[in-house]
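Everything below concerns the one structure shown next.
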Amino acid sequence: MSMTARDLAGDLRAIVGERHVRIAPAERATYAMDGLPTHRRLPDVVVLPGTREEVIAIVRLLAAHGIPFVPRGAGTGLSGGALATGGAVLIVLTRLSRILKVDVANRSAVVEPGVVNARLSAATRPHGLHYAPDPSSQSACTIGGNVAENAGGPHCLKYGVTANHILSLEVVLATGETVILGSPGGEPWGPDLVGLFVGSEGNFGVATRISVRLTPLPRAVRTLLADFMALRAAGEGVSAIIASGIVPAALEMMDQSCIQAVEDSVYAAGYPRDAAAVLLVELDGRDDGAVQAEADAVTTILKDAGARAVRSAKNESERERLWQGRKKAFGAMGRLSRDLVVQDAVVPRSSLPDVLETIAGIAARHGLVVSNVFHAGDGNLHPNISFDATNEGMRTRVEEASAEIMGACIAAGGTITGEHGVGLDKLRYMPLIFDAESLGAMHAVRRVFDPEERVNPGKVVPLHACREWAGVA
Amino acid sequence: MTILEKVTALLGEGAVLETGTDRVPRIAPGSPDAVALLLGTAHQEGWRVRIEGAGTWLPSDAPADLALTTRRLDRVPAIEPQDLTATAEAGIGLDQLRQQLADRGAWLAIDPPGLAGRTLGSVVATASAGPLRQGFGPVKDHLLGVTFVTGDGRMVQSGGRVMKNVAGYDLTRLQAGGFGAFGVIVLVHLRLRALPRADVTHVLEGSRDELTPVAEEIAASGQTPAALELVSPALARRDRWVLAVRLVGSPALVAADEAGLGRFAKLRAEEAHGFWMRLAEGFAVRPVTFRIGGVPAASDELLDLLQHQIGDEWISAAPAAGAIRWTGDTTVDRLQRLRRALAALEVPLTLERAPWAVRSAVGHFGAYREGAGPLVAGLRRTFDPGGALVVATDGE
C-alpha cells in the first residue's frame, strides 16, 4: 500500500464523513469474520458508503492508489468470502439500503445492495408479491450479498436460486467505471453478463443497483411434516417425490441430531424427537383443490417410502412454527458446542441415502458430531460440524472431516458448494472439480472485469492451480 | 498441404464430410477432444472456422476456411431419470434427444424455434427459448453445466451435473446465448422435468386488441401456464390472431387452470402437437428471425412498434414474459434502425437468424448499454484470442 491506513482513512472520510470510516481495532474487529468461524482477517480500514456516488468515489480513490478492496454486505456468508485479504479495504454496503422502485405491473423491483432480503419480501407483500430466494439468513443477509454468492434457500427448489431472479445490475468496476448489465425485462444485450456476474463472489465489481424479479404469493399452501425411523428411508422418500414429477415449493430434511437441537431450543417446532429424520415438504399454487391433491399424492409417496407419520400443518401459525424450526436450526445447533462449521455440498438426489451414510461414518471416525439440515429436493447438503475452536486437535479433525465429506460428495458426482460459495474456505477443493485449464479460464474472465485483481483478492480461483492463459485481457 | 489434407491427417478421413456449395470443407470431429485438436490447429494456422450444427437454422454462408459441424457429437452419455438430469453431446438433434428422454420418463422443457432436428448445441449457443419460456424460464435455466472448446483449442468445463452449483464463475451462462463467440459447446449437462402427466393446449382466435386483455387477465389471475403465446395469423395459419395457452403438470393442477378458460377451444393432442411444431418451424422459413425482450406491460406497445417499423405478419409473443419473436424479410438498414429505437426503450434485439450479409452488418448483439461493450470484447479476446471463430457478434 503506497499510503498509510491513517492517510487513506482521511481521504475516505472526505467522501463518506467522519462516522463512516472505521480504523479503531475494536470497531474493525466486528468485520474480521463472516458466518464461518474458521477464518479470520482483521481489516486495516472499513468504510461504509451511504450512496452509489460515494461507492464510485471510494473505488476511484482506491484505483488511483492501486489499493485492493472487498465489497461486503451483512457478513452472514459462510465461506470466508467477505474477509479483507491482502491488505484490502472493506467496503461495507449495508447503508445502501433503499428499495428504489417496486413495479407491481411488471413484478419487479429495483433495490440497493444493502437491502435485507426479508425486508424486500415484506415490502412487496401488500402487492401480493415476494422475492422468492429465501436463504436461512434472510432476516439479516442483503440482496447484494445474495447476488455475489448466488444464494439459494428452501424455496429455490420450485422458484429457482438468486440467478433466476436478477434482471439487471448496475456495477462499479475496479476502475470506478460504471457498467449496466442486463435489461429491465431480463433479456441480455448479447451475452448474459448478468448471469456471469451473479455468483462471482465480489470478484467482478460492486453491484450498486439491482433489479429483481418478484413472484406472486401463492394462494394455497400445504406444509407437511413426515418422520422416518431411518435416514435412508427419508432419502428414498425424497427421490420418490422428485421422480413423481411433483415439484414441491420446498423439500427439506433434518436428521436426529438437528431435530434434538431444535427441540431443545426456543425454536422447538414439535418435531418428533425419536425420529431418525424428518422431511418438511411444502406444496403451493393457485388452486386450493389442486394443491391438496398434490399434498395427498406426496403423503402417499412418503408413506410408501416408510414414513412413520405424515402430518399437515393445520393453520398458518403451525406452518410458521414448522418453518421456524428449520430456518433457525443453525442457531439452535449453537447449543451443541462452542463453534459450528456449516458445510455446503451438492450431490445427485438419488445418491442422498448413500452419501448421508458415508458422512455419518466420517463423523464417527473422527469423533465429531455432524448434524444434517438441508435442501434435500435439490440434493444440497449442509453437514454441520460442532466443535470447539480453542481445541487445536479438534480443529484439525474438523478440517480433515470436512475434506473427506467434500471428497465423498465429489465421488458421488456432486460439487463442493451449492449456495455458500468458494470464498477462502473452499479454494483448496477447486482443483478437485476443475482442471487447470478450466480454472485458468475463470481466472482469465476475472481479469476481463478486474485486470489488476484488486477486487476481493485471493478468493474463488486458486491461482497456483491455474494453467496460464496467454494474452489475458 | 491444403487445409483439407492437414485436417485429414489430423482427424482421419471419417471427419471430413462433403464440401458445401461454397467449397468450404466441412469437418465433423467425432469427439470433444477432436474439436479441441482442430481448433488448436486452426488457431496456429490462422484458419477461420465457422460453427455449424445440423445446418437447419443459420445458413451455412459465413466466409471461412473450414466449417466445423458438431453433427457427429451426437451421443447421450447419461440420462438419470431419478435425478432428472442428463448429459448430452452438443450435436444431437433435439428430436432424438427428446425421444430418448421420453423413453426414460423425462422431459426437457425447451421448445426452440426451428426444425425438430435442430441440435442441442445450437439451441444453447443461441439461447433460443420458445413458448415454454413462460412456464419454465429461458434456456440458461435448464443448464447445469457445459463443456466448451475455445477458439484456440482449450477445453473448458463449467458448472456440473447437480441441481445447484456455485463453485467458480458461471461460464455456462456466458456460453448460453454467446452464439459461439466464446467457444464451441461440445457437451451439455441438462436439468430435466418428469414427463408431464397432463399436457393440454387451448386456443382462442380474435383480433390482437381482443386477445391482449385476455392474455393479461390470465397472467394476472395467478394461473401458471407453461405457455401463453399470442401468434399472428400468418404464423398460426389461421384467419385471425391466436392466443394459445398450454398447461402442463399434474392432472389436478391442469384441470384447475383449464376451468378458467371457458371461451377457449381445446385442441386434441395431435392438433396441439401440430400447432406448436408449425409455430416453431415457421421461424426457420423466412430469411430473418430475431427476438426482443421487454417488460411484460410494454408488450402491446412493442408489438405496435414492430408493426409500424417492420410489419407484424410473422410474429409470436409471450406477453406475460415480455418476449417477442419476429420473422420475415427485411433490410440491414431497417434492422439497425429498429435496434436503435428499441435500445432507447431499454429493449435488446438479438438477431437469431439471417444471411451472412445481414448478420455481419447488424450483428447478433449490439447496442450494448453503458460500459458493457469493452467487457464483451475482452471476453471475446479471452476465449478466441486469434479470432478463429467466425461469428457476427456486434455488426458494423
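Residue numbering restarts at 1 in every chain; chains get A, B, ... in the order shown in the C-alpha cells, and ligands count up from 1 in that same order.
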
- Task: List every residue of stretch 45-128 of chain B that DSSP, applied to the backbone of this structure, assigns to strand (DSSP E), and report them as a ChimeraX atom specification.
- Result: /B:49-52,66-69,78-80,85-89,106-107

When you get a sec, could you note down which chain B residues fall within 6 Å of chain A, using only C-alpha atoms, as a PDB file with C-alpha atoms, in the first residue's frame?
```
ATOM      1  CA  GLN B  82     -34.215 -40.491 -10.772  1.00  0.00           C
ATOM      2  CA  ASP B  83     -32.242 -37.260 -10.584  1.00  0.00           C
ATOM      3  CA  VAL B 156     -13.079 -25.817 -20.518  1.00  0.00           C
ATOM      4  CA  GLN B 157     -15.672 -27.306 -18.181  1.00  0.00           C
ATOM      5  CA  VAL B 162     -26.104 -31.363  -9.944  1.00  0.00           C
ATOM      6  CA  MET B 163     -29.077 -29.116  -9.341  1.00  0.00           C
ATOM      7  CA  LYS B 164     -27.247 -26.314  -7.561  1.00  0.00           C
ATOM      8  CA  ASN B 165     -23.668 -25.269  -8.051  1.00  0.00           C
ATOM      9  CA  VAL B 166     -21.811 -22.098  -7.184  1.00  0.00           C
ATOM     10  CA  ALA B 167     -18.277 -23.448  -7.463  1.00  0.00           C
ATOM     11  CA  TYR B 169     -17.766 -18.327 -12.011  1.00  0.00           C
ATOM     12  CA  ASP B 170     -20.775 -19.324 -14.074  1.00  0.00           C
ATOM     13  CA  ARG B 173     -24.342 -18.617 -18.606  1.00  0.00           C
ATOM     14  CA  LEU B 174     -21.768 -16.897 -20.794  1.00  0.00           C
ATOM     15  CA  GLY B 177     -26.542 -17.064 -25.871  1.00  0.00           C
ATOM     16  CA  GLY B 178     -22.896 -16.465 -26.805  1.00  0.00           C
ATOM     17  CA  ALA B 194     -40.613 -35.581 -15.283  1.00  0.00           C
ATOM     18  CA  GLY B 222     -52.213 -16.411 -10.780  1.00  0.00           C
ATOM     19  CA  ALA B 252     -55.221 -31.791 -10.752  1.00  0.00           C
ATOM     20  CA  LEU B 253     -53.223 -28.637 -11.459  1.00  0.00           C
ATOM     21  CA  GLY B 293     -37.250  -8.847 -24.663  1.00  0.00           C
ATOM     22  CA  GLY B 294     -39.010  -6.077 -22.784  1.00  0.00           C
ATOM     23  CA  VAL B 295     -41.065  -5.783 -19.638  1.00  0.00           C
ATOM     24  CA  PRO B 296     -44.436  -7.565 -19.788  1.00  0.00           C
ATOM     25  CA  PRO B 348     -32.459  -5.621 -26.515  1.00  0.00           C
ATOM     26  CA  PHE B 365     -25.809  -8.477 -30.439  1.00  0.00           C
ATOM     27  CA  TYR B 368     -24.730  -2.543 -25.517  1.00  0.00           C
ATOM     28  CA  ARG B 369     -25.574  -0.456 -22.509  1.00  0.00           C
ATOM     29  CA  GLU B 370     -23.098   1.755 -20.795  1.00  0.00           C
ATOM     30  CA  GLY B 371     -19.681   0.153 -20.486  1.00  0.00           C
ATOM     31  CA  ALA B 372     -20.656  -3.400 -21.456  1.00  0.00           C
ATOM     32  CA  GLY B 378     -12.455  -8.566 -23.623  1.00  0.00           C
ATOM     33  CA  THR B 382     -10.017 -14.200 -23.944  1.00  0.00           C
TER      34      THR B 382
END
```

- Taking only C-alpha atoms into account, which of A:Ala63, A:Leu169, A:Val45, A:Leu8 comes nearest A:Ala26?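 Nearest candidate to A:Ala26 out of A:Ala63, A:Leu169, A:Val45, A:Leu8: A:Val45.
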
- Query: If you measure from atom CA of B:Val186 to atom CA of B:Gly373, what distance in Å do you get, rounded to one decimal?
  - Reply: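 About the pair atom CA of B:Val186 and atom CA of B:Gly373: they are 26.6 Å apart.
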
- Message: I want to know what sits within 10 Å of stretch 403-405 of chain A, based on only C-alpha atoms, with residues of the same chain fewer than 4 positions away left out; could you give that as an NGL selection string?
- Response: :A and (343-345 or 355-356 or 358-363 or 383 or 397-399 or 409-411 or 416 or 426 or 428-429)

How would the residues just picked look written out with N, CA and C atoms as an mmCIF file, in the first residue's frame?
```cif
data_model
loop_
_atom_site.group_PDB
_atom_site.id
_atom_site.type_symbol
_atom_site.label_atom_id
_atom_site.label_comp_id
_atom_site.auth_asym_id
_atom_site.auth_seq_id
_atom_site.Cartn_x
_atom_site.Cartn_y
_atom_site.Cartn_z
ATOM 1 N N GLN A 343 -21.341 -26.668 6.632
ATOM 2 C CA GLN A 343 -20.792 -27.099 5.350
ATOM 3 C C GLN A 343 -21.870 -27.046 4.264
ATOM 4 N N ASP A 344 -21.412 -27.170 3.036
ATOM 5 C CA ASP A 344 -22.320 -26.988 1.893
ATOM 6 C C ASP A 344 -21.770 -27.803 0.735
ATOM 7 N N ALA A 345 -22.555 -28.719 0.230
ATOM 8 C CA ALA A 345 -22.142 -29.511 -0.939
ATOM 9 C C ALA A 345 -23.409 -29.994 -1.630
ATOM 10 N N VAL A 355 -24.783 -41.125 0.465
ATOM 11 C CA VAL A 355 -23.852 -40.076 0.905
ATOM 12 C C VAL A 355 -24.084 -39.749 2.384
ATOM 13 N N LEU A 356 -25.341 -39.739 2.815
ATOM 14 C CA LEU A 356 -25.619 -39.455 4.229
ATOM 15 C C LEU A 356 -24.995 -40.515 5.132
ATOM 16 N N THR A 358 -22.344 -42.279 4.367
ATOM 17 C CA THR A 358 -20.895 -42.064 4.311
ATOM 18 C C THR A 358 -20.480 -40.937 5.258
ATOM 19 N N ILE A 359 -21.264 -39.852 5.264
ATOM 20 C CA ILE A 359 -20.938 -38.713 6.135
ATOM 21 C C ILE A 359 -21.006 -39.130 7.604
ATOM 22 N N ALA A 360 -22.017 -39.931 7.943
ATOM 23 C CA ALA A 360 -22.126 -40.408 9.328
ATOM 24 C C ALA A 360 -20.888 -41.211 9.702
ATOM 25 N N GLY A 361 -20.395 -42.006 8.765
ATOM 26 C CA GLY A 361 -19.198 -42.812 9.010
ATOM 27 C C GLY A 361 -17.969 -41.931 9.214
ATOM 28 N N ILE A 362 -17.845 -40.889 8.403
ATOM 29 C CA ILE A 362 -16.700 -39.966 8.519
ATOM 30 C C ILE A 362 -16.729 -39.293 9.900
ATOM 31 N N ALA A 363 -17.931 -38.852 10.303
ATOM 32 C CA ALA A 363 -18.059 -38.179 11.601
ATOM 33 C C ALA A 363 -17.647 -39.121 12.731
ATOM 34 N N PRO A 383 -23.967 -30.572 5.946
ATOM 35 C CA PRO A 383 -23.494 -31.281 7.137
ATOM 36 C C PRO A 383 -22.808 -30.269 8.057
ATOM 37 N N ARG A 397 -9.162 -32.101 13.295
ATOM 38 C CA ARG A 397 -10.092 -33.187 12.913
ATOM 39 C C ARG A 397 -11.268 -32.644 12.097
ATOM 40 N N VAL A 398 -11.716 -31.453 12.440
ATOM 41 C CA VAL A 398 -12.817 -30.828 11.680
ATOM 42 C C VAL A 398 -12.375 -30.593 10.236
ATOM 43 N N GLU A 399 -11.159 -30.073 10.090
ATOM 44 C CA GLU A 399 -10.635 -29.818 8.739
ATOM 45 C C GLU A 399 -10.546 -31.121 7.948
ATOM 46 N N CYS A 409 -18.710 -36.282 -1.563
ATOM 47 C CA CYS A 409 -19.730 -35.654 -2.415
ATOM 48 C C CYS A 409 -19.244 -35.582 -3.865
ATOM 49 N N ILE A 410 -17.964 -35.271 -4.046
ATOM 50 C CA ILE A 410 -17.413 -35.230 -5.407
ATOM 51 C C ILE A 410 -17.452 -36.630 -6.021
ATOM 52 N N ALA A 411 -17.092 -37.633 -5.214
ATOM 53 C CA ALA A 411 -17.083 -39.009 -5.727
ATOM 54 C C ALA A 411 -18.483 -39.446 -6.161
ATOM 55 N N ILE A 416 -18.728 -28.970 -4.677
ATOM 56 C CA ILE A 416 -18.242 -28.560 -3.348
ATOM 57 C C ILE A 416 -19.044 -27.433 -2.716
ATOM 58 N N LYS A 426 -13.078 -22.793 0.443
ATOM 59 C CA LYS A 426 -13.119 -23.936 -0.468
ATOM 60 C C LYS A 426 -12.135 -23.818 -1.622
ATOM 61 N N ARG A 428 -9.183 -24.657 -1.701
ATOM 62 C CA ARG A 428 -8.362 -25.873 -1.806
ATOM 63 C C ARG A 428 -9.091 -27.014 -2.514
ATOM 64 N N TYR A 429 -10.430 -26.955 -2.525
ATOM 65 C CA TYR A 429 -11.172 -28.037 -3.189
ATOM 66 C C TYR A 429 -11.389 -27.782 -4.673
#
```

- Query: Where does DSSP see alpha helix (DSSP H) in stretch 75-277 of chain B, if you list the residues as a ChimeraX atom specification?
  - Reply: /B:94-103,120-126,133-136,171-175,208-220,233-236,251-258,269-277

- Message: Rounded to one decimal, what separation in Å do you get between atom CA of A:Ser121 and atom CA of A:Lys327?
- Response: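 Separating atom CA of A:Ser121 from atom CA of A:Lys327 is a distance of 16.2 Å.
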
- Item | Nearest residue to A:Arg308 from the set A:Glu54, A:Met333, A:Asn372, A:Pro272 (distances using only C-alpha atoms) |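 So, comparing all the options, the nearest one is A:Pro272.
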
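Atom pair atom CA of B:Val200 / atom CA of B:Leu279: separated by 16.2 Å.
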
Quick one: residues within 10 Å of A:Arg273, only C-alpha atoms counted, chain neighbours fewer than 5 positions away excluded, as a PDB file with C-alpha atoms, in the first residue's frame?
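Printed below is result_34.pdb as written:
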```pdb
ATOM      1  CA  ASP A 227     -40.930 -38.502  10.102  1.00  0.00           C
ATOM      2  CA  GLN A 256     -31.914 -36.672  14.511  1.00  0.00           C
ATOM      3  CA  SER A 257     -29.074 -34.589  15.867  1.00  0.00           C
ATOM      4  CA  CYS A 258     -30.570 -31.496  14.282  1.00  0.00           C
ATOM      5  CA  ILE A 259     -34.080 -32.363  15.495  1.00  0.00           C
ATOM      6  CA  GLN A 260     -32.802 -32.674  19.067  1.00  0.00           C
ATOM      7  CA  ALA A 261     -31.005 -29.333  18.864  1.00  0.00           C
ATOM      8  CA  VAL A 262     -34.107 -27.583  17.553  1.00  0.00           C
ATOM      9  CA  GLU A 263     -36.435 -29.212  20.085  1.00  0.00           C
ATOM     10  CA  ASP A 264     -34.089 -28.266  22.957  1.00  0.00           C
ATOM     11  CA  VAL A 278     -37.906 -35.539   9.293  1.00  0.00           C
TER      12      VAL A 278
END
```

- Message: At a cut-off of 6 Å, using only C-alpha atoms, what residues contact stretch 309-313 of chain A? Leave out same-chain residues fewer than 6 positions from it and give the result as a list of chain:residue names.
- Response: A:Thr223, A:Leu224, A:Leu225, A:Ala226, A:Asp227, A:Arg319

- Message: Set the distance at 7 Å and use only C-alpha atoms: which residues neighbour B:Ala284 once local chain neighbours fewer than 4 positions away are removed? I'd like the list as number ranges by chain.
- Response: B: 57, 114-115

Write a file of the selected residues as a PDB file, in the first residue's frame, keeping N, CA and C atoms.
```pdb
ATOM      1  N   TRP B  57     -30.647 -24.208 -39.089  1.00  0.00           N
ATOM      2  CA  TRP B  57     -31.033 -22.909 -38.524  1.00  0.00           C
ATOM      3  C   TRP B  57     -30.272 -21.788 -39.224  1.00  0.00           C
ATOM      4  N   GLY B 114     -37.468 -23.294 -34.967  1.00  0.00           N
ATOM      5  CA  GLY B 114     -36.652 -24.071 -35.912  1.00  0.00           C
ATOM      6  C   GLY B 114     -37.200 -25.460 -36.108  1.00  0.00           C
ATOM      7  N   LEU B 115     -36.475 -26.247 -36.906  1.00  0.00           N
ATOM      8  CA  LEU B 115     -36.919 -27.600 -37.204  1.00  0.00           C
ATOM      9  C   LEU B 115     -36.623 -28.525 -36.025  1.00  0.00           C
TER      10      LEU B 115
END
```

- Message: Just want the 9 Å neighbourhood of B:Phe182, counted on only C-alpha atoms, with same-chain residues fewer than 4 positions away dropped. Output as an MDAnalysis selection string.
- Response: chainID B and resid 148:151 174:175 178 379:384 389

- Between A:Arg213, A:Arg454, A:Arg467, A:Arg60, which one has atoms that come closest to A:Pro431, using only C-alpha atoms?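 For A:Pro431, the nearest of the given residues is A:Arg467.
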
- Residue among B:Arg208, B:His142, B:Lys266, B:Arg118 lying closest to B:Gly91, counting only C-alpha atoms: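 Of B:Arg208, B:His142, B:Lys266, B:Arg118, the one nearest B:Gly91 is B:Arg118, counting only C-alpha atoms.
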